[in-house]
>>> print(open('my_file17.cif').read())   # mmCIF, C-alpha atoms
data_my_file
#
loop_
_atom_site.label_atom_id
_atom_site.label_comp_id
_atom_site.auth_asym_id
_atom_site.auth_seq_id
_atom_site.Cartn_x
_atom_site.Cartn_y
_atom_site.Cartn_z
CA MET A 1 81.38 92.09 85.00
CA SER A 2 84.14 94.53 85.89
CA LEU A 3 85.90 94.23 89.23
CA ARG A 4 85.57 96.74 92.03
CA ILE A 5 88.95 97.32 93.67
CA ASP A 6 89.57 99.27 96.86
CA ALA A 7 92.96 100.77 95.96
CA HIS A 8 93.85 101.94 99.47
CA HIS A 9 93.19 100.51 102.90
CA HIS A 10 95.12 99.45 106.00
CA LEU A 11 95.22 96.61 108.50
CA TRP A 12 96.79 96.70 111.94
CA ARG A 13 97.16 95.28 115.40
CA TYR A 14 96.89 98.35 117.55
CA THR A 15 99.45 99.44 120.14
CA PRO A 16 99.64 103.01 121.53
CA GLU A 17 103.39 103.15 120.92
CA GLU A 18 103.31 102.15 117.26
CA TYR A 19 100.22 104.18 116.38
CA ASP A 20 100.87 107.35 118.33
CA TRP A 21 99.43 109.41 115.44
CA ILE A 22 95.96 108.17 116.46
CA ASP A 23 95.00 111.07 118.75
CA GLU A 24 91.95 111.54 120.94
CA ASP A 25 89.84 112.77 118.03
CA MET A 26 90.56 109.44 116.30
CA ARG A 27 90.09 107.24 119.37
CA VAL A 28 87.68 104.94 117.49
CA LEU A 29 90.78 103.67 115.66
CA ARG A 30 92.45 102.53 118.88
CA ARG A 31 91.77 98.85 118.29
CA ASP A 32 92.75 96.06 115.96
CA PHE A 33 91.51 96.21 112.37
CA LEU A 34 91.99 92.80 110.83
CA LEU A 35 90.79 90.68 107.93
CA SER A 36 87.47 89.79 109.49
CA ASP A 37 86.63 93.50 109.81
CA LEU A 38 87.78 94.16 106.25
CA ARG A 39 85.64 91.37 104.84
CA THR A 40 82.54 92.75 106.53
CA ALA A 41 83.26 96.20 105.11
CA MET A 42 83.91 94.86 101.61
CA SER A 43 80.65 92.94 101.61
CA SER A 44 78.71 96.10 102.49
CA ALA A 45 79.93 97.82 99.32
CA SER A 46 80.31 94.88 96.92
CA VAL A 47 84.09 95.28 96.69
CA ASP A 48 85.88 92.39 94.97
CA GLY A 49 89.51 92.97 95.87
CA THR A 50 91.81 95.37 97.67
CA VAL A 51 95.27 96.88 97.83
CA VAL A 52 96.56 97.05 101.41
CA VAL A 53 98.95 99.91 102.19
CA GLN A 54 101.58 100.20 104.90
CA ALA A 55 100.77 102.07 108.11
CA ARG A 56 104.12 101.61 109.90
CA GLN A 57 107.60 102.17 108.56
CA GLN A 58 108.84 98.70 109.34
CA THR A 59 109.92 95.88 107.05
CA GLY A 60 108.26 93.56 109.56
CA GLU A 61 104.89 95.06 108.73
CA THR A 62 105.54 94.67 105.01
CA GLU A 63 106.31 91.00 105.57
CA TRP A 64 103.15 90.60 107.68
CA LEU A 65 100.98 92.20 104.98
CA LEU A 66 102.48 90.01 102.27
CA ASN A 67 101.84 86.90 104.36
CA LEU A 68 98.24 87.99 104.93
CA ALA A 69 97.76 88.64 101.23
CA ALA A 70 99.19 85.25 100.32
CA SER A 71 96.43 83.53 102.32
CA SER A 72 93.64 86.05 101.67
CA PRO A 73 92.36 86.09 98.07
CA GLU A 74 90.56 89.41 98.55
CA ILE A 75 93.91 91.20 99.02
CA VAL A 76 95.34 91.36 95.51
CA GLY A 77 98.23 93.71 96.15
CA VAL A 78 100.47 95.20 98.84
CA VAL A 79 102.08 98.64 99.00
CA GLY A 80 104.70 98.14 101.68
CA TRP A 81 107.49 100.07 103.34
CA LEU A 82 111.14 99.43 102.59
CA PRO A 83 114.15 101.57 103.59
CA ILE A 84 114.47 103.42 100.29
CA ALA A 85 117.14 105.85 101.51
CA ALA A 86 119.35 103.17 103.06
CA PRO A 87 122.45 101.79 101.32
CA GLU A 88 121.06 98.29 101.77
CA PHE A 89 117.81 99.12 99.96
CA PRO A 90 118.77 97.05 96.86
CA HIS A 91 119.12 93.99 99.10
CA TYR A 92 115.73 94.54 100.75
CA LEU A 93 114.12 95.07 97.36
CA GLU A 94 115.60 91.87 96.00
CA VAL A 95 114.31 89.89 99.00
CA PHE A 96 110.79 91.32 99.06
CA ARG A 97 110.27 91.20 95.30
CA THR A 98 110.19 87.43 95.52
CA SER A 99 106.52 87.94 96.42
CA ALA A 100 104.45 88.74 93.35
CA LEU A 101 101.94 90.40 95.68
CA LEU A 102 104.27 93.34 96.36
CA LYS A 103 102.97 95.97 93.95
CA GLY A 104 104.42 99.18 95.37
CA VAL A 105 106.43 100.93 98.04
CA ARG A 106 105.58 103.94 100.21
CA HIS A 107 107.38 106.21 102.62
CA VAL A 108 105.43 108.56 104.94
CA VAL A 109 106.84 111.76 103.46
CA GLN A 110 104.13 113.84 105.13
CA SER A 111 105.98 113.33 108.41
CA GLU A 112 109.35 114.40 107.01
CA PRO A 113 110.92 117.90 107.10
CA ALA A 114 111.02 120.24 104.14
CA GLY A 115 113.47 119.15 101.48
CA PHE A 116 113.20 115.43 102.17
CA LEU A 117 112.32 114.52 98.59
CA ALA A 118 115.47 116.26 97.38
CA ARG A 119 117.78 114.17 99.57
CA PRO A 120 120.43 112.41 97.45
CA ASP A 121 120.01 109.11 99.31
CA PHE A 122 116.26 109.04 98.74
CA ASP A 123 116.73 109.98 95.09
CA ALA A 124 119.25 107.16 94.73
CA GLY A 125 116.74 104.69 96.13
CA LEU A 126 114.08 105.86 93.68
CA ARG A 127 116.48 105.45 90.78
CA TYR A 128 116.99 101.86 91.86
CA LEU A 129 113.22 101.36 92.25
CA GLU A 130 112.71 102.44 88.63
CA GLY A 131 114.01 99.11 87.41
CA SER A 132 111.78 97.05 89.68
CA ASN A 133 108.40 97.53 87.94
CA LEU A 134 106.93 98.60 91.31
CA VAL A 135 104.81 101.69 91.93
CA TYR A 136 105.85 104.42 94.36
CA ASP A 137 102.96 105.84 96.42
CA LEU A 138 103.31 109.53 97.31
CA LEU A 139 101.92 110.44 100.75
CA VAL A 140 102.27 114.20 101.21
CA PHE A 141 100.41 117.22 102.47
CA GLU A 142 99.36 119.98 100.10
CA HIS A 143 102.31 122.21 101.04
CA GLN A 144 104.70 119.45 99.92
CA LEU A 145 103.34 119.25 96.38
CA ALA A 146 105.88 121.89 95.34
CA GLU A 147 108.59 119.33 96.22
CA VAL A 148 106.74 116.47 94.55
CA ILE A 149 106.78 118.03 91.07
CA PRO A 150 110.58 118.27 90.67
CA PHE A 151 110.93 114.91 92.40
CA VAL A 152 108.70 113.26 89.80
CA ASP A 153 110.59 115.08 87.05
CA ARG A 154 113.83 113.46 88.21
CA HIS A 155 112.23 110.01 87.80
CA PRO A 156 110.28 110.07 84.53
CA LYS A 157 110.38 106.27 84.16
CA GLN A 158 108.92 105.60 87.61
CA SER A 159 105.17 105.03 88.07
CA PHE A 160 103.79 107.26 90.85
CA VAL A 161 100.42 107.24 92.62
CA LEU A 162 99.44 110.32 94.62
CA ASP A 163 97.54 109.24 97.73
CA HIS A 164 94.46 111.12 98.97
CA LEU A 165 94.58 113.80 96.23
CA GLY A 166 97.66 115.27 97.88
CA LYS A 167 95.69 116.13 101.03
CA PRO A 168 94.11 119.50 100.13
CA GLN A 169 93.12 121.92 102.89
CA LEU A 170 89.50 120.85 103.11
CA ARG A 171 88.98 122.11 106.65
CA MET A 172 89.93 125.59 105.48
CA ASN A 173 87.81 125.24 102.32
CA ARG A 174 90.91 126.37 100.44
CA LEU A 175 91.21 125.27 96.83
CA GLN A 176 94.42 127.14 96.01
CA PRO A 177 97.33 126.66 95.65
CA TRP A 178 96.42 122.96 95.67
CA ALA A 179 94.43 123.13 92.42
CA LYS A 180 97.25 124.87 90.54
CA GLN A 181 99.79 122.33 91.76
CA ILE A 182 97.53 119.38 90.93
CA ARG A 183 97.09 120.64 87.38
CA GLU A 184 100.84 121.02 87.02
CA LEU A 185 101.50 117.55 88.43
CA ALA A 186 98.94 116.09 86.03
CA ARG A 187 101.16 117.10 83.11
CA ARG A 188 103.40 114.18 84.11
CA PRO A 189 101.88 111.08 82.47
CA ASN A 190 103.57 108.71 84.95
CA VAL A 191 101.38 109.99 87.82
CA THR A 192 97.93 108.72 88.78
CA VAL A 193 95.77 109.80 91.73
CA LYS A 194 93.74 108.09 94.43
CA ILE A 195 90.27 109.37 95.20
CA SER A 196 90.59 108.67 98.90
CA GLY A 197 91.30 110.16 102.30
CA LEU A 198 89.09 113.23 101.98
CA VAL A 199 86.88 112.64 105.02
CA THR A 200 89.73 112.93 107.49
CA GLU A 201 91.18 115.98 105.73
CA ALA A 202 87.79 117.65 106.17
CA ASP A 203 85.94 117.87 109.47
CA PRO A 204 84.99 114.21 109.97
CA ALA A 205 81.87 115.17 111.91
CA ASN A 206 80.58 117.83 109.51
CA TRP A 207 81.69 117.05 105.96
CA THR A 208 79.39 117.08 102.95
CA GLU A 209 79.60 115.67 99.44
CA GLU A 210 79.06 119.19 98.11
CA ALA A 211 82.19 120.43 99.89
CA PHE A 212 84.26 117.68 98.23
CA ALA A 213 82.97 118.46 94.73
CA PRO A 214 85.46 121.25 93.78
CA TYR A 215 88.41 119.04 94.74
CA LEU A 216 87.09 115.94 93.00
CA ASP A 217 86.19 117.92 89.90
CA THR A 218 89.61 119.56 89.78
CA ALA A 219 91.28 116.14 89.92
CA LEU A 220 89.01 114.89 87.14
CA GLU A 221 89.69 117.94 84.98
CA ALA A 222 93.44 117.65 85.50
CA PHE A 223 94.01 113.90 85.24
CA GLY A 224 90.99 112.67 83.36
CA PRO A 225 88.90 109.64 84.39
CA TYR A 226 91.48 107.04 83.33
CA ARG A 227 94.17 108.25 85.75
CA LEU A 228 91.98 108.20 88.85
CA MET A 229 91.44 105.22 91.15
CA ALA A 230 89.05 104.89 94.09
CA GLY A 231 90.26 103.89 97.53
CA SER A 232 88.59 103.93 100.92
CA ASP A 233 91.45 104.69 103.35
CA TRP A 234 89.66 102.26 105.68
CA PRO A 235 89.77 102.06 108.68
CA VAL A 236 90.91 105.71 109.01
CA LEU A 237 87.78 106.51 107.03
CA THR A 238 85.59 105.28 109.89
CA VAL A 239 86.43 108.36 111.98
CA GLY A 240 83.71 110.13 110.00
CA CYS A 241 82.19 107.83 107.40
CA SER A 242 81.11 104.24 106.86
CA TYR A 243 82.73 102.11 104.19
CA ARG A 244 79.47 101.78 102.25
CA ARG A 245 78.77 105.52 102.40
CA TRP A 246 82.17 106.33 100.92
CA TRP A 247 81.59 104.04 97.95
CA ASP A 248 78.13 105.53 97.50
CA LEU A 249 79.75 108.97 97.37
CA VAL A 250 82.19 107.85 94.68
CA GLU A 251 79.36 106.31 92.68
CA ASN A 252 77.22 109.45 92.99
CA TRP A 253 80.07 111.64 91.82
CA SER A 254 80.75 109.49 88.76
CA ALA A 255 77.10 108.72 87.96
CA ASP A 256 77.15 110.61 84.65
CA TRP A 257 80.39 109.09 83.38
CA SER A 258 80.55 106.55 80.58
CA GLU A 259 80.69 102.88 81.50
CA SER A 260 84.38 102.62 80.59
CA GLU A 261 85.24 105.70 82.67
CA ARG A 262 83.45 104.34 85.73
CA THR A 263 85.08 100.96 85.25
CA ALA A 264 88.48 102.65 85.32
CA LEU A 265 87.72 104.65 88.47
CA LEU A 266 86.21 101.76 90.40
CA GLY A 267 88.90 99.21 89.62
CA GLY A 268 90.37 99.30 86.15
CA THR A 269 93.00 101.97 86.79
CA ALA A 270 94.16 100.24 89.97
CA GLN A 271 94.43 96.96 88.06
CA ARG A 272 96.47 98.58 85.30
CA VAL A 273 98.80 100.70 87.44
CA TYR A 274 99.45 98.13 90.18
CA GLN A 275 99.39 95.24 87.67
CA LEU A 276 96.69 93.39 89.56
CA PRO A 277 95.05 90.21 88.25
CA SER A 278 92.17 90.74 85.85
CA VAL A 279 90.41 87.65 87.21
CA LEU A 280 90.23 87.13 90.95
CA PRO A 281 90.02 83.77 92.75
CA LYS A 282 86.51 82.40 93.12
CA THR A 283 86.66 82.61 96.91
CA CYS A 284 87.42 86.31 96.63
CA LYS A 285 84.41 86.96 94.44
CA GLU A 286 82.20 85.05 96.85
CA THR A 287 83.48 87.19 99.72
CA SER A 288 82.47 90.39 97.96
CA ASN A 289 78.78 89.34 97.83
CA ARG A 290 78.21 91.59 94.84
CA LYS A 291 74.57 92.54 94.52
CA GLY A 292 74.47 93.70 90.92
#
>>> encode(input="my_file17.cif", output="structure tokens")
Amino acid sequence: MSLRIDAHHHLWRYTPEEYDWIDEDMRVLRRDFLLSDLRTAMSSASVDGTVVVQARQQTGETEWLLNLAASSPEIVGVVGWLPIAAPEFPHYLEVFRTSALLKGVRHVVQSEPAGFLARPDFDAGLRYLEGSNLVYDLLVFEHQLAEVIPFVDRHPKQSFVLDHLGKPQLRMNRLQPWAKQIRELARRPNVTVKISGLVTEADPANWTEEAFAPYLDTALEAFGPYRLMAGSDWPVLTVGCSYRRWWDLVENWSADWSESERTALLGGTAQRVYQLPSVLPKTCKETSNRKG
């Protein structure tokens, strides 16, 4: 039986100062989201394992996530934050790579000014990352995709994962220029895409599966089924959708795919790109409570 992997979720101990991006419209997120909550969510959707992704730009959080993963068999990989643009980045990378659970690195580029991805210090860090066998997760808004394309071109040996489909303008129901940029980005074989994060880019209170279809179908057309991976973006997802409902949506969308294509979307691509284990610990499988 193939494994179901949630390729993108978060964990946190909430403080207003460290999570000031959680505004009033997202007030349901103003609490701790910890392993016990994650396990309940996973069980509801028969998820076997997960990749936890940084939410704060602190090495301390990366260390915390790695420690959690080391004692939590359901977490099979960590995408952490490290100071990529700093001169001491090679030292940090050497220290944190001692954990086999570190699978990737991410910087919150969506919060950076225009031109950030062209900075020489950030480029230098990515060149160093290329030799580490770690993935770089791209977190950008749609308007930053024009910077992403030349950035990826400068690092053809680096594996990239685009989070949340590059955050298209779902609230505006605007497909272009996102679709054109996604098709262009897809020409780079070292890029894969996460089917995640769409609920919060839409109107969380009024989204529909039908409204997502043009964006999902464009990603499928551009990248093909074997370069897509499903992630929940939990707990941010819970602003407008339950964990189970999101996985139902992904299953409904891919219902007509072949078995191998669905296997890739629901776990296989994440396993390949992040180099996750093909067999999970028994305790992890028991936690998932798979129903069939």
>>> resolve_selection(input="my_file17.cif", expression="the PyMOL selection byres ((chain A and resi 72) around 10)", output="MDAnalysis selection string")
chainID A and resid 35 49 66:71 73:76 281 283:284
>>> residues_around(input="my_file17.cif", residues="Gly231 (chain A)", least_positions_apart="3", cutoff="8 Å", atoms="all atoms listed in the file", output="number ranges by chain")
A: 5-9, 194-197
>>> residues_around(input="my_file17.cif", residues="Met26 (chain A)", least_positions_apart="2", cutoff="12 Å", atoms="all atoms listed in the file", output="PyMOL selection string")
chain A and resi 19-24+28-31+200+203-205+235-240
>>> residues_around(input="my_file17.cif", residues="region 225-228 of chain A", least_positions_apart="2", cutoff="12 Å", atoms="all atoms listed in the file", output="PyMOL selection string")
chain A and resi 7+159-165+186-196+216-223+230-231+250+253-254+256-273
>>> resolve_selection(input="my_file17.cif", expression="the PyMOL selection byres ((chain A and resi 47) around 7)", output="ChimeraX atom specification")
/A:4-6,42-43,45-46,48-49,288
>>> residues_around(input="my_file17.cif", residues="Lys180 (chain A)", least_positions_apart="3", cutoff="12 Å", atoms="all atoms listed in the file", output="list in words")
Glu142, His143, Leu145, Ala146, Ile149, Pro168, Arg174, Leu175, Gln176, Pro177, Arg183, Glu184, Leu185, Ala186, Arg187, Tyr215, Thr218, Ala219, Glu221 and Ala222 of chain A
>>> resolve_selection(input="my_file17.cif", expression="the PyMOL selection byres ((chain A and resi 64) around 12)", output="list in words")
Leu11, Trp12, Arg13, Leu34, Val52, Val53, Gln54, Ala55, Arg56, Gln58, Thr59, Gly60, Glu61, Thr62, Glu63, Leu65, Leu66, Asn67, Leu68, Ala69, Ala70, Ser71, Val78, Val79, Gly80, Trp81, Phe96 and Leu102 of chain A
>>> residues_around(input="my_file17.cif", residues="region 108-122 of chain A", least_positions_apart="3", cutoff="8 Å", atoms="only C-alpha atoms", output="PyMOL selection string")
chain A and resi 57+84-87+125-126+138-141+144+147-148+151
>>> atom_distance(input="my_file17.cif", atom1="CA of Trp247 (chain A)", atom2="CA of Val51 (chain A)")
15.4 Å
>>> atom_distance(input="my_file17.cif", atom1="CA of Pro156 (chain A)", atom2="CA of Asn133 (chain A)")
13.1 Å
>>> atom_distance(input="my_file17.cif", atom1="CA of Trp234 (chain A)", atom2="CA of Trp246 (chain A)")
9.8 Å
>>> closest_residue(input="my_file17.cif", among="A:Gln169, A:Ser232, A:Ser36, A:Gln181", to="Ala202 (chain A)", atoms="only C-alpha atoms")
A:Gln169
>>> closest_residue(input="my_file17.cif", among="A:Glu130, A:Glu251, A:Glu17, A:Glu88", to="Val105 (chain A)", atoms="only C-alpha atoms")
A:Glu130
>>> closest_residue(input="my_file17.cif", among="A:Ala213, A:Val135, A:Leu129, A:Ala124", to="Gly77 (chain A)", atoms="all atoms listed in the file")
A:Val135
>>> decode(input="my_file17.cif", residues="region 198-218 of chain A", atoms="C-alpha atoms", output="compact mmCIF listing (two decimals), in the first residue's frame")
# COMPACT_ATOMS: atom_id res chain seq x y z
CA LEU A 198 -5.21 27.65 -1.83
CA VAL A 199 -7.93 28.10 0.78
CA THR A 200 -6.24 31.07 2.42
CA GLU A 201 -5.38 32.66 -0.94
CA ALA A 202 -9.09 32.51 -1.77
CA ASP A 203 -11.84 33.82 0.49
CA PRO A 204 -11.65 31.28 3.33
CA ALA A 205 -15.35 31.69 4.08
CA ASN A 206 -16.63 31.42 0.50
CA TRP A 207 -14.29 29.25 -1.56
CA THR A 208 -15.43 26.42 -3.81
CA GLU A 209 -13.69 23.47 -5.42
CA GLU A 210 -14.90 24.73 -8.80
CA ALA A 211 -13.06 28.03 -8.30
CA PHE A 212 -9.81 26.15 -7.64
CA ALA A 213 -10.13 23.96 -10.75
CA PRO A 214 -8.51 26.34 -13.33
CA TYR A 215 -5.45 26.78 -11.10
CA LEU A 216 -5.09 23.10 -10.28
CA ASP A 217 -5.58 22.12 -13.91
CA THR A 218 -3.02 24.67 -15.08
